[in-house]
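Shown next: data_39.tsv, given as TSV, C-alpha atoms and all ligand atoms.
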```
chain	number	residue	atom	x	y	z
F	213	MET	CA	11.80	-25.78	-25.76
F	214	LYS	CA	14.78	-25.81	-23.41
F	215	LYS	CA	15.58	-22.26	-24.40
F	216	LEU	CA	12.02	-21.22	-23.72
F	217	LEU	CA	12.15	-22.76	-20.25
F	218	LEU	CA	15.42	-21.01	-19.54
F	219	VAL	CA	14.06	-17.67	-20.70
F	220	SER	CA	10.92	-17.99	-18.60
F	221	ALA	CA	13.01	-19.04	-15.58
F	222	LEU	CA	15.12	-15.93	-16.02
F	223	ILE	CA	12.07	-13.72	-16.36
F	224	LEU	CA	10.43	-15.17	-13.25
F	225	ALA	CA	13.59	-15.26	-11.12
F	226	PRO	CA	13.30	-11.69	-9.77
F	227	VAL	CA	9.64	-12.31	-8.87
F	228	PHE	CA	10.56	-15.27	-6.68
F	229	ALA	CA	13.54	-13.46	-5.25
F	230	LEU	CA	11.30	-10.58	-4.20
F	231	ALA	CA	8.69	-12.88	-2.70
F	232	ALA	CA	11.36	-14.69	-0.72
F	233	GLY	CA	12.84	-11.41	0.53
F	234	GLY	CA	9.97	-10.77	2.91
F	235	SER	CA	10.67	-13.71	5.31
F	236	ASN	CA	7.86	-16.02	6.40
F	237	VAL	CA	5.87	-13.65	8.57
F	238	LYS	CA	2.11	-13.95	8.32
F	239	LEU	CA	0.80	-10.67	6.90
F	240	ASP	CA	-2.43	-9.05	8.04
F	241	ASN	CA	-4.92	-8.74	5.25
F	242	ILE	CA	-6.58	-5.45	4.26
F	243	GLN	CA	-8.78	-4.34	1.39
F	244	VAL	CA	-7.64	-1.00	0.06
F	245	ASP	CA	-10.42	1.27	-1.18
F	246	ALA	CA	-9.72	4.01	-3.72
F	247	THR	CA	-13.26	5.36	-3.35
F	248	ASN	CA	-12.89	6.09	0.38
F	249	HIS	CA	-11.70	9.68	0.06
F	250	GLU	CA	-11.83	10.39	3.79
F	251	SER	CA	-9.44	7.54	4.49
F	252	LEU	CA	-7.16	8.67	1.66
F	253	GLN	CA	-7.16	12.26	2.94
F	254	ARG	CA	-6.20	11.13	6.44
F	255	GLY	CA	-3.56	8.86	4.92
F	256	MET	CA	-2.06	11.73	2.97
F	257	GLN	CA	-1.96	13.89	6.09
F	258	LEU	CA	-0.07	11.16	7.96
F	259	TYR	CA	2.28	10.76	5.01
F	260	VAL	CA	3.27	14.43	4.78
F	261	ASN	CA	3.63	14.70	8.55
F	262	TYR	CA	5.54	11.52	9.32
F	263	CYS	CA	7.08	10.11	6.13
F	264	LEU	CA	7.72	12.73	3.45
F	265	GLY	CA	10.70	14.19	5.33
F	266	CYS	CA	12.62	10.98	4.54
F	267	HIS	CA	10.61	9.30	1.76
F	268	SER	CA	9.73	11.25	-1.36
F	269	ALA	CA	6.71	10.27	-3.44
F	270	GLN	CA	8.19	11.88	-6.50
F	271	TYR	CA	5.77	10.44	-9.09
F	272	GLN	CA	2.82	11.98	-7.29
F	273	ARG	CA	1.88	15.62	-7.78
F	274	TYR	CA	0.03	17.50	-5.02
F	275	GLU	CA	-2.38	18.90	-7.59
F	276	ARG	CA	-3.38	15.51	-8.91
F	277	ALA	CA	-3.89	14.22	-5.35
F	278	ALA	CA	-6.03	17.30	-4.56
F	279	ARG	CA	-8.25	16.52	-7.54
F	280	ASP	CA	-8.48	12.75	-7.01
F	281	LEU	CA	-9.00	12.91	-3.24
F	282	GLU	CA	-11.30	15.95	-3.47
F	283	ILE	CA	-9.16	18.20	-1.28
F	284	PRO	CA	-9.78	21.91	-2.00
F	285	ALA	CA	-6.58	23.52	-3.37
F	286	ASP	CA	-6.38	26.15	-0.59
F	287	LEU	CA	-6.68	23.51	2.16
F	288	MET	CA	-4.06	21.43	0.40
F	289	MET	CA	-1.64	24.38	0.32
F	290	GLU	CA	-2.32	25.29	3.94
F	291	HIS	CA	-2.14	21.85	5.56
F	292	LEU	CA	-0.32	19.46	3.25
F	293	VAL	CA	2.26	21.35	1.21
F	294	PHE	CA	5.28	22.42	3.25
F	295	SER	CA	8.77	23.69	2.41
F	296	GLY	CA	7.51	26.39	0.04
F	297	GLN	CA	6.56	24.00	-2.74
F	298	LYS	CA	3.88	24.82	-5.30
F	299	ILE	CA	0.73	22.78	-5.78
F	300	GLY	CA	1.78	21.66	-9.26
F	301	GLU	CA	5.00	20.14	-7.96
F	302	GLN	CA	5.85	16.54	-7.14
F	303	MET	CA	5.98	15.31	-3.56
F	304	THR	CA	9.74	15.48	-3.12
F	305	ASN	CA	11.98	16.32	-0.16
F	306	ALA	CA	15.43	17.73	0.41
F	307	MET	CA	17.02	14.54	1.72
F	308	ASP	CA	20.47	13.83	0.36
F	309	ALA	CA	20.67	10.12	-0.54
F	310	ASP	CA	24.38	9.78	0.30
F	311	GLN	CA	24.02	11.47	3.68
F	312	ALA	CA	20.94	9.39	4.47
F	313	LYS	CA	22.88	6.22	3.69
F	314	GLY	CA	25.41	7.30	6.29
F	315	TRP	CA	22.69	7.87	8.89
F	316	PHE	CA	20.48	4.84	8.33
F	317	GLY	CA	22.68	2.36	6.48
F	318	ALA	CA	20.40	2.62	3.45
F	319	PRO	CA	18.73	5.65	1.87
F	320	PRO	CA	14.93	5.79	2.41
F	321	PRO	CA	13.43	4.68	-0.92
F	322	ASP	CA	10.78	6.63	-2.83
F	323	LEU	CA	7.39	5.24	-1.81
F	324	THR	CA	5.16	6.19	-4.77
F	325	ASN	CA	5.26	2.61	-6.07
F	326	GLU	CA	5.83	0.80	-2.78
F	327	VAL	CA	2.44	-0.93	-2.74
F	328	ASN	CA	2.97	-2.19	-6.31
F	329	LEU	CA	6.32	-3.55	-5.20
F	330	ARG	CA	5.51	-5.16	-1.85
F	331	GLY	CA	1.72	-5.33	-1.70
F	332	ALA	CA	-0.68	-3.49	0.61
F	333	ASP	CA	-0.74	-6.29	3.21
F	334	TRP	CA	3.05	-6.12	3.51
F	335	VAL	CA	3.14	-2.32	3.99
F	336	TYR	CA	0.24	-2.39	6.48
F	337	THR	CA	1.84	-5.15	8.55
F	338	TYR	CA	5.31	-3.60	8.33
F	339	LEU	CA	4.11	-0.26	9.73
F	340	ARG	CA	2.60	-2.04	12.77
F	341	SER	CA	5.54	-4.38	13.39
F	342	PHE	CA	8.28	-2.25	14.94
F	343	TYR	CA	9.43	-3.46	18.36
F	344	VAL	CA	12.06	-2.51	20.92
F	345	ASP	CA	15.44	-4.13	20.23
F	346	GLU	CA	18.34	-2.52	22.06
F	347	SER	CA	20.89	-4.26	19.83
F	348	ARG	CA	19.86	-2.10	16.83
F	349	PRO	CA	21.32	1.39	16.18
F	350	TYR	CA	17.94	3.12	16.70
F	351	GLY	CA	16.79	0.70	19.40
F	352	VAL	CA	14.06	-0.84	17.22
F	353	ASN	CA	13.70	-3.76	14.88
F	354	ASN	CA	10.88	-4.92	12.62
F	355	VAL	CA	9.27	-8.35	12.39
F	356	VAL	CA	8.39	-8.01	8.71
F	357	TYR	CA	11.70	-6.42	7.65
F	358	PRO	CA	14.37	-7.69	10.07
F	359	ASN	CA	17.24	-5.25	10.73
F	360	VAL	CA	15.58	-2.45	8.77
F	361	GLY	CA	17.44	0.87	8.89
F	362	MET	CA	14.30	2.91	9.50
F	363	PRO	CA	13.79	4.36	13.00
F	364	ASN	CA	10.33	3.86	14.51
F	365	VAL	CA	9.00	7.29	13.59
F	366	LEU	CA	5.51	6.44	14.83
F	367	ALA	CA	6.58	5.39	18.34
F	368	GLU	CA	4.92	8.33	20.07
F	369	VAL	CA	1.66	7.70	18.21
F	370	GLN	CA	1.58	3.93	18.66
F	371	GLY	CA	3.38	3.73	22.00
F	372	ILE	CA	6.28	1.49	22.94
F	373	GLN	CA	5.79	-1.91	21.36
F	374	ARG	CA	7.75	-4.95	22.59
F	375	LYS	CA	7.87	-8.65	22.01
F	376	GLY	CA	6.15	-10.47	24.84
F	377	CYS	CA	4.40	-13.73	25.60
F	378	GLY	CA	0.73	-14.39	25.02
F	379	GLN	CA	-1.81	-16.58	23.28
F	380	VAL	CA	-1.87	-16.61	19.47
F	381	PRO	CA	-4.15	-18.46	17.04
F	382	MET	CA	-2.75	-21.89	16.22
F	383	VAL	CA	-2.02	-22.41	12.51
F	384	ASP	CA	-1.14	-25.51	10.49
F	385	ASP	CA	1.77	-25.78	8.05
F	386	SER	CA	-0.17	-24.06	5.28
F	387	GLY	CA	-0.92	-21.09	7.56
F	388	LYS	CA	-4.61	-21.93	8.14
F	389	THR	CA	-6.18	-21.52	11.59
F	390	VAL	CA	-6.66	-24.79	13.45
F	391	PHE	CA	-10.12	-25.34	14.98
F	392	ASP	CA	-10.98	-27.51	17.96
F	393	THR	CA	-12.91	-30.48	16.59
F	394	LEU	CA	-15.13	-30.67	19.69
F	395	THR	CA	-16.05	-27.04	20.29
F	396	GLY	CA	-15.44	-25.68	16.78
F	397	LYS	CA	-13.56	-22.76	18.30
F	398	PRO	CA	-10.17	-21.61	16.96
F	399	MET	CA	-7.30	-23.14	18.96
F	400	THR	CA	-4.61	-20.97	20.51
F	401	GLU	CA	-1.07	-21.59	21.68
F	402	GLU	CA	1.48	-19.78	23.83
F	403	SER	CA	4.02	-17.69	21.93
F	404	CYS	CA	6.71	-15.27	23.10
F	405	GLU	CA	6.80	-13.47	19.76
F	406	VAL	CA	3.63	-11.48	20.38
F	407	LEU	CA	3.83	-7.72	19.84
F	408	LEU	CA	2.38	-5.81	22.79
F	409	VAL	CA	2.20	-2.06	23.39
F	410	ASP	CA	3.05	-0.75	26.87
F	411	GLU	CA	-0.24	0.62	28.08
F	412	GLY	CA	-0.61	4.40	28.11
F	413	THR	CA	2.58	5.09	26.12
F	414	GLY	CA	0.91	5.98	22.82
F	415	GLU	CA	-1.33	8.84	21.71
F	416	MET	CA	-3.65	6.36	19.99
F	417	THR	CA	-5.31	3.16	21.14
F	418	PRO	CA	-4.24	0.02	19.22
F	419	ALA	CA	-7.51	0.12	17.24
F	420	GLU	CA	-7.00	3.79	16.32
F	421	PHE	CA	-3.43	3.09	15.31
F	422	ASP	CA	-4.51	0.19	13.08
F	423	GLN	CA	-7.04	2.48	11.42
F	424	ALA	CA	-4.37	5.18	10.91
F	425	MET	CA	-1.98	2.64	9.33
F	426	TYR	CA	-4.83	1.41	7.12
F	427	ASP	CA	-5.39	5.00	5.94
F	428	LEU	CA	-1.67	5.49	5.31
F	429	THR	CA	-1.41	2.23	3.34
F	430	ASN	CA	-4.57	3.13	1.45
F	431	PHE	CA	-2.94	6.42	0.43
F	432	LEU	CA	0.20	4.59	-0.76
F	433	ALA	CA	-2.01	2.16	-2.69
F	434	TYR	CA	-3.57	5.20	-4.37
F	435	THR	CA	-0.17	6.70	-5.35
F	436	SER	CA	0.79	3.27	-6.75
F	437	LYS	CA	-2.26	3.24	-9.02
F	438	PRO	CA	-3.62	6.79	-9.27
F	439	TYR	CA	-5.56	5.90	-12.42
F	440	LEU	CA	-7.46	2.99	-10.84
F	441	GLN	CA	-10.75	4.81	-10.24
F	442	GLU	CA	-10.59	6.54	-13.60
F	443	SER	CA	-9.89	3.30	-15.48
F	444	LYS	CA	-12.78	1.54	-13.74
F	445	SER	CA	-15.31	4.17	-14.77
F	446	LEU	CA	-13.75	4.37	-18.23
F	447	GLY	CA	-14.04	0.57	-18.50
F	448	VAL	CA	-17.79	0.76	-17.91
F	449	LYS	CA	-18.14	3.47	-20.57
F	450	VAL	CA	-16.12	1.44	-23.09
F	451	ILE	CA	-18.28	-1.65	-22.54
F	452	LEU	CA	-21.48	0.39	-22.93
F	453	PHE	CA	-20.09	1.88	-26.13
F	454	LEU	CA	-19.23	-1.59	-27.49
F	455	LEU	CA	-22.71	-2.90	-26.67
F	456	PHE	CA	-24.23	0.09	-28.43
F	457	MET	CA	-22.03	-0.48	-31.49
F	458	THR	CA	-22.95	-4.19	-31.53
F	459	VAL	CA	-26.59	-3.20	-32.04
F	460	ILE	CA	-25.68	-0.77	-34.84
F	461	PHE	CA	-23.46	-3.32	-36.57
F	462	TYR	CA	-26.10	-5.98	-36.25
F	463	PHE	CA	-28.56	-3.89	-38.24
F	464	LEU	CA	-25.84	-2.93	-40.69
F	465	TYR	CA	-25.10	-6.62	-41.22
F	466	LYS	CA	-28.78	-7.29	-41.85
F	467	GLU	CA	-28.87	-4.43	-44.31
F	468	TYR	CA	-25.83	-5.68	-46.27
F	469	TRP	CA	-27.10	-9.25	-46.62
F	470	ARG	CA	-30.75	-8.38	-47.30
F	471	ASP	CA	-30.60	-8.60	-51.11
F	472	ILE	CA	-28.24	-11.58	-51.24
F	473	HIS	CA	-30.39	-14.23	-49.59
F	501	LIG	C1	13.95	9.26	9.60
F	501	LIG	C2	13.75	8.84	8.25
F	501	LIG	C3	12.52	8.01	7.94
F	501	LIG	C4	11.21	8.34	8.17
F	501	LIG	C5	10.65	9.61	8.78
F	501	LIG	C6	10.42	7.26	7.63
F	501	LIG	N1	11.23	6.29	7.11
F	501	LIG	FE1	10.64	4.60	6.14
F	501	LIG	N2	12.55	4.07	5.86
F	501	LIG	C7	13.66	4.82	6.22
F	501	LIG	C8	14.87	4.13	5.80
F	501	LIG	C9	16.28	4.61	6.02
F	501	LIG	C10	14.44	2.96	5.14
F	501	LIG	C11	15.32	1.94	4.42
F	501	LIG	C12	15.77	0.95	5.41
F	501	LIG	C13	16.55	-0.19	4.85
F	501	LIG	O1	16.54	-0.46	3.64
F	501	LIG	O2	17.15	-0.82	5.70
F	501	LIG	C14	12.99	2.94	5.22
F	501	LIG	C15	12.20	1.93	4.70
F	501	LIG	C16	10.82	1.98	4.59
F	501	LIG	C17	10.00	1.00	3.94
F	501	LIG	C18	10.50	-0.27	3.28
F	501	LIG	C19	10.99	0.04	1.91
F	501	LIG	C20	11.38	-1.18	1.14
F	501	LIG	O3	12.55	-1.54	1.18
F	501	LIG	O4	10.50	-1.77	0.49
F	501	LIG	C21	8.71	1.42	4.02
F	501	LIG	C22	7.47	0.75	3.49
F	501	LIG	C23	8.74	2.67	4.76
F	501	LIG	N3	10.02	2.96	5.09
F	501	LIG	C24	7.60	3.39	5.06
F	501	LIG	C25	7.63	4.56	5.80
F	501	LIG	C26	6.41	5.28	6.14
F	501	LIG	C27	5.00	4.91	5.70
F	501	LIG	C28	6.80	6.33	6.88
F	501	LIG	C29	5.92	7.35	7.56
F	501	LIG	C30	5.11	6.84	8.62
F	501	LIG	C31	8.26	6.30	7.00
F	501	LIG	N4	8.71	5.18	6.33
F	501	LIG	C32	9.02	7.22	7.66
F	501	LIG	C33	13.65	6.02	6.89
F	501	LIG	C34	12.53	6.71	7.28
```

Just give me the structure as structure tokens.
Ligand code: HEC
Amino acid sequence: MKKLLLVSALILAPVFALAAGGSNVKLDNIQVDATNHESLQRGMQLYVNYCLGCHSAQYQRYERAARDLEIPADLMMEHLVFSGQKIGEQMTNAMDADQAKGWFGAPPPDLTNEVNLRGADWVYTYLRSFYVDESRPYGVNNVVYPNVGMPNVLAEVQGIQRKGCGQVPMVDDSGKTVFDTLTGKPMTEESCEVLLVDEGTGEMTPAEFDQAMYDLTNFLAYTSKPYLQESKSLGVKVILFLLFMTVIFYFLYKEYWRDIH
């Protein structure tokens, strides 16, 4: 029994370590949607334009993405495949890991499985949580991933985001919103950890930027589980097949036992 406990503790240890690694920041919740091809297409476009230069997605092939996201092959080649790659190739880049480590302190990891590793809420919140911090080498820090080596590559799109003071929803120790018992309205409190974008500094409005980061996260959720849609529709077919076979076997059973009773 003791051995069993020890073994299960060892197996679970990395899971807890990973969960603890993300600090105690409250993550914004999103529902990824593998059937929303328009969102996935926009997400892929953002990925190849802003991320692929540093982060490969080496377990994802362009061709497979073209098929799953319903992007015609010629449009894929024209707008999404750069650096002379072929459509059957994986989404790699020419970044040298050792050199990158020198530049950023850590090489940019491959992101094909990032959503499996961290969760969609984490990635979505991370991408919207860069803020100005002059003490960091690239002048930015991140609330979700403190002291991250990644520069804020989306600064011109989002605008300049800083920590400032403002009202935030009040939460109790378990992270639930506190409501005013008299009015029933959510209570707020003053905080100087609020992320605010300097007005007019970004190409997108905050709402547009949130949507863009949703699309990008949705795309990374797809590369993490490219078979999800297929397995869902296959699951339905398998269950229908089993139901059909149950009927056949029922009659077969009747047939076998007919003369015995
Ligand atoms: C200029 C290079 C560069 C670009 C472009 C870039 N990143 Fe990064 N990114 C990094 C580096 C370096 C790290 C690792 C930082 C570390 O570990 O401190 C990183 C880390 C990350 C992580 C956290 C990985 C982890 O440890 O779990 C995510 C998620 C991420 N990047 C997403 C993106 C996305 C999405 C884009 C495109 C919008 C992007 N990055 C563009 C350099 C880059």

Contact residues around stretch 400-416 of chain F with all atoms listed in the file at 7 Å, ignoring same-chain residues under 2 positions, as a PDB file with C-alpha atoms, in the frame of the given file:
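Below is the file that was written, around-v6.pdb:
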```pdb
ATOM      1  CA  GLU F 368       4.920   8.330  20.070  1.00  0.00           C
ATOM      2  CA  VAL F 369       1.660   7.700  18.210  1.00  0.00           C
ATOM      3  CA  GLN F 370       1.580   3.930  18.660  1.00  0.00           C
ATOM      4  CA  GLY F 371       3.380   3.730  22.000  1.00  0.00           C
ATOM      5  CA  ILE F 372       6.280   1.490  22.940  1.00  0.00           C
ATOM      6  CA  GLN F 373       5.790  -1.910  21.360  1.00  0.00           C
ATOM      7  CA  ARG F 374       7.750  -4.950  22.590  1.00  0.00           C
ATOM      8  CA  LYS F 375       7.870  -8.650  22.010  1.00  0.00           C
ATOM      9  CA  GLY F 376       6.150 -10.470  24.840  1.00  0.00           C
ATOM     10  CA  CYS F 377       4.400 -13.730  25.600  1.00  0.00           C
ATOM     11  CA  GLY F 378       0.730 -14.390  25.020  1.00  0.00           C
ATOM     12  CA  GLN F 379      -1.810 -16.580  23.280  1.00  0.00           C
ATOM     13  CA  VAL F 380      -1.870 -16.610  19.470  1.00  0.00           C
ATOM     14  CA  PRO F 381      -4.150 -18.460  17.040  1.00  0.00           C
ATOM     15  CA  MET F 382      -2.750 -21.890  16.220  1.00  0.00           C
ATOM     16  CA  PRO F 398     -10.170 -21.610  16.960  1.00  0.00           C
ATOM     17  CA  PRO F 418      -4.240   0.020  19.220  1.00  0.00           C
ATOM     18  CA  GLU F 420      -7.000   3.790  16.320  1.00  0.00           C
ATOM     19  CA  PHE F 421      -3.430   3.090  15.310  1.00  0.00           C
TER      20      PHE F 421
END
```

#### Entry: Residue nearest ligand LIG 501 (chain F) among F:Ala285, F:Ile299, F:Val383, F:Met256 (counting all atoms listed in the file)
F:Met256

### Task
May I ask which of the residues F:Glu346, F:Asp322, F:Glu250, F:Glu282 is the closest one to ligand LIG 501 (chain F), counting all atoms listed in the file?
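Among F:Glu346, F:Asp322, F:Glu250, F:Glu282, it is F:Asp322 that comes nearest to ligand LIG 501 (chain F).
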
### Task
Identify, counting all atoms listed in the file, the protein, DNA and RNA residues located within 8 Å of ligand LIG 501 (chain F), and give them as a ChimeraX atom specification.
/F:258-259,261-267,312-313,315-321,323,326,329-330,335,338-339,357,359-366,428-429

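Among the candidate residues F:Asn430, F:Thr395, F:Gln270, F:Asn353, the one lying nearest to F:Gln253 is F:Asn430, with distances computed using all atoms listed in the file.
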
### Task
Could you check how far atom CA of F:Glu301 sits from atom CA of F:Thr435, in Å to one decimal?
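That distance, rounded to one decimal, is 14.6 Å.
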
### Query
In Å, how far is it from atom CA of F:Gln272 to atom CA of F:Asn241?
25.4 Å

### Summary
Students should find that atom CA of F:Val260 and atom CA of F:Pro349 are spaced 25.0 Å

### Message
Between F:Arg470, F:Leu239, F:Gly255, F:Arg279, which residue has the minimum interatomic distance to F:Tyr439, considering only C-alpha atoms?
### Response
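Nearest to F:Tyr439: F:Arg279.
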
### Message
Can you tell me which residues surround F:Asp245 at a distance of at most 9 Å, considering only C-alpha atoms, apart from same-chain residues fewer than 3 positions away, and format the answer as a ChimeraX atom specification?
### Response
/F:248-249,251-252,430,433-434

### Query
From the set F:Pro358, F:Gly331, F:Pro284, F:Gly396, which residue has the shortest atom-to-atom contact distance to F:Asn236, counting only C-alpha atoms?
F:Pro358

#### Entry: Nearest to F:Gln297, chosen from F:Lys444, F:Lys449, F:Tyr274, F:Asp471, with only C-alpha atoms counted in the distances
F:Tyr274
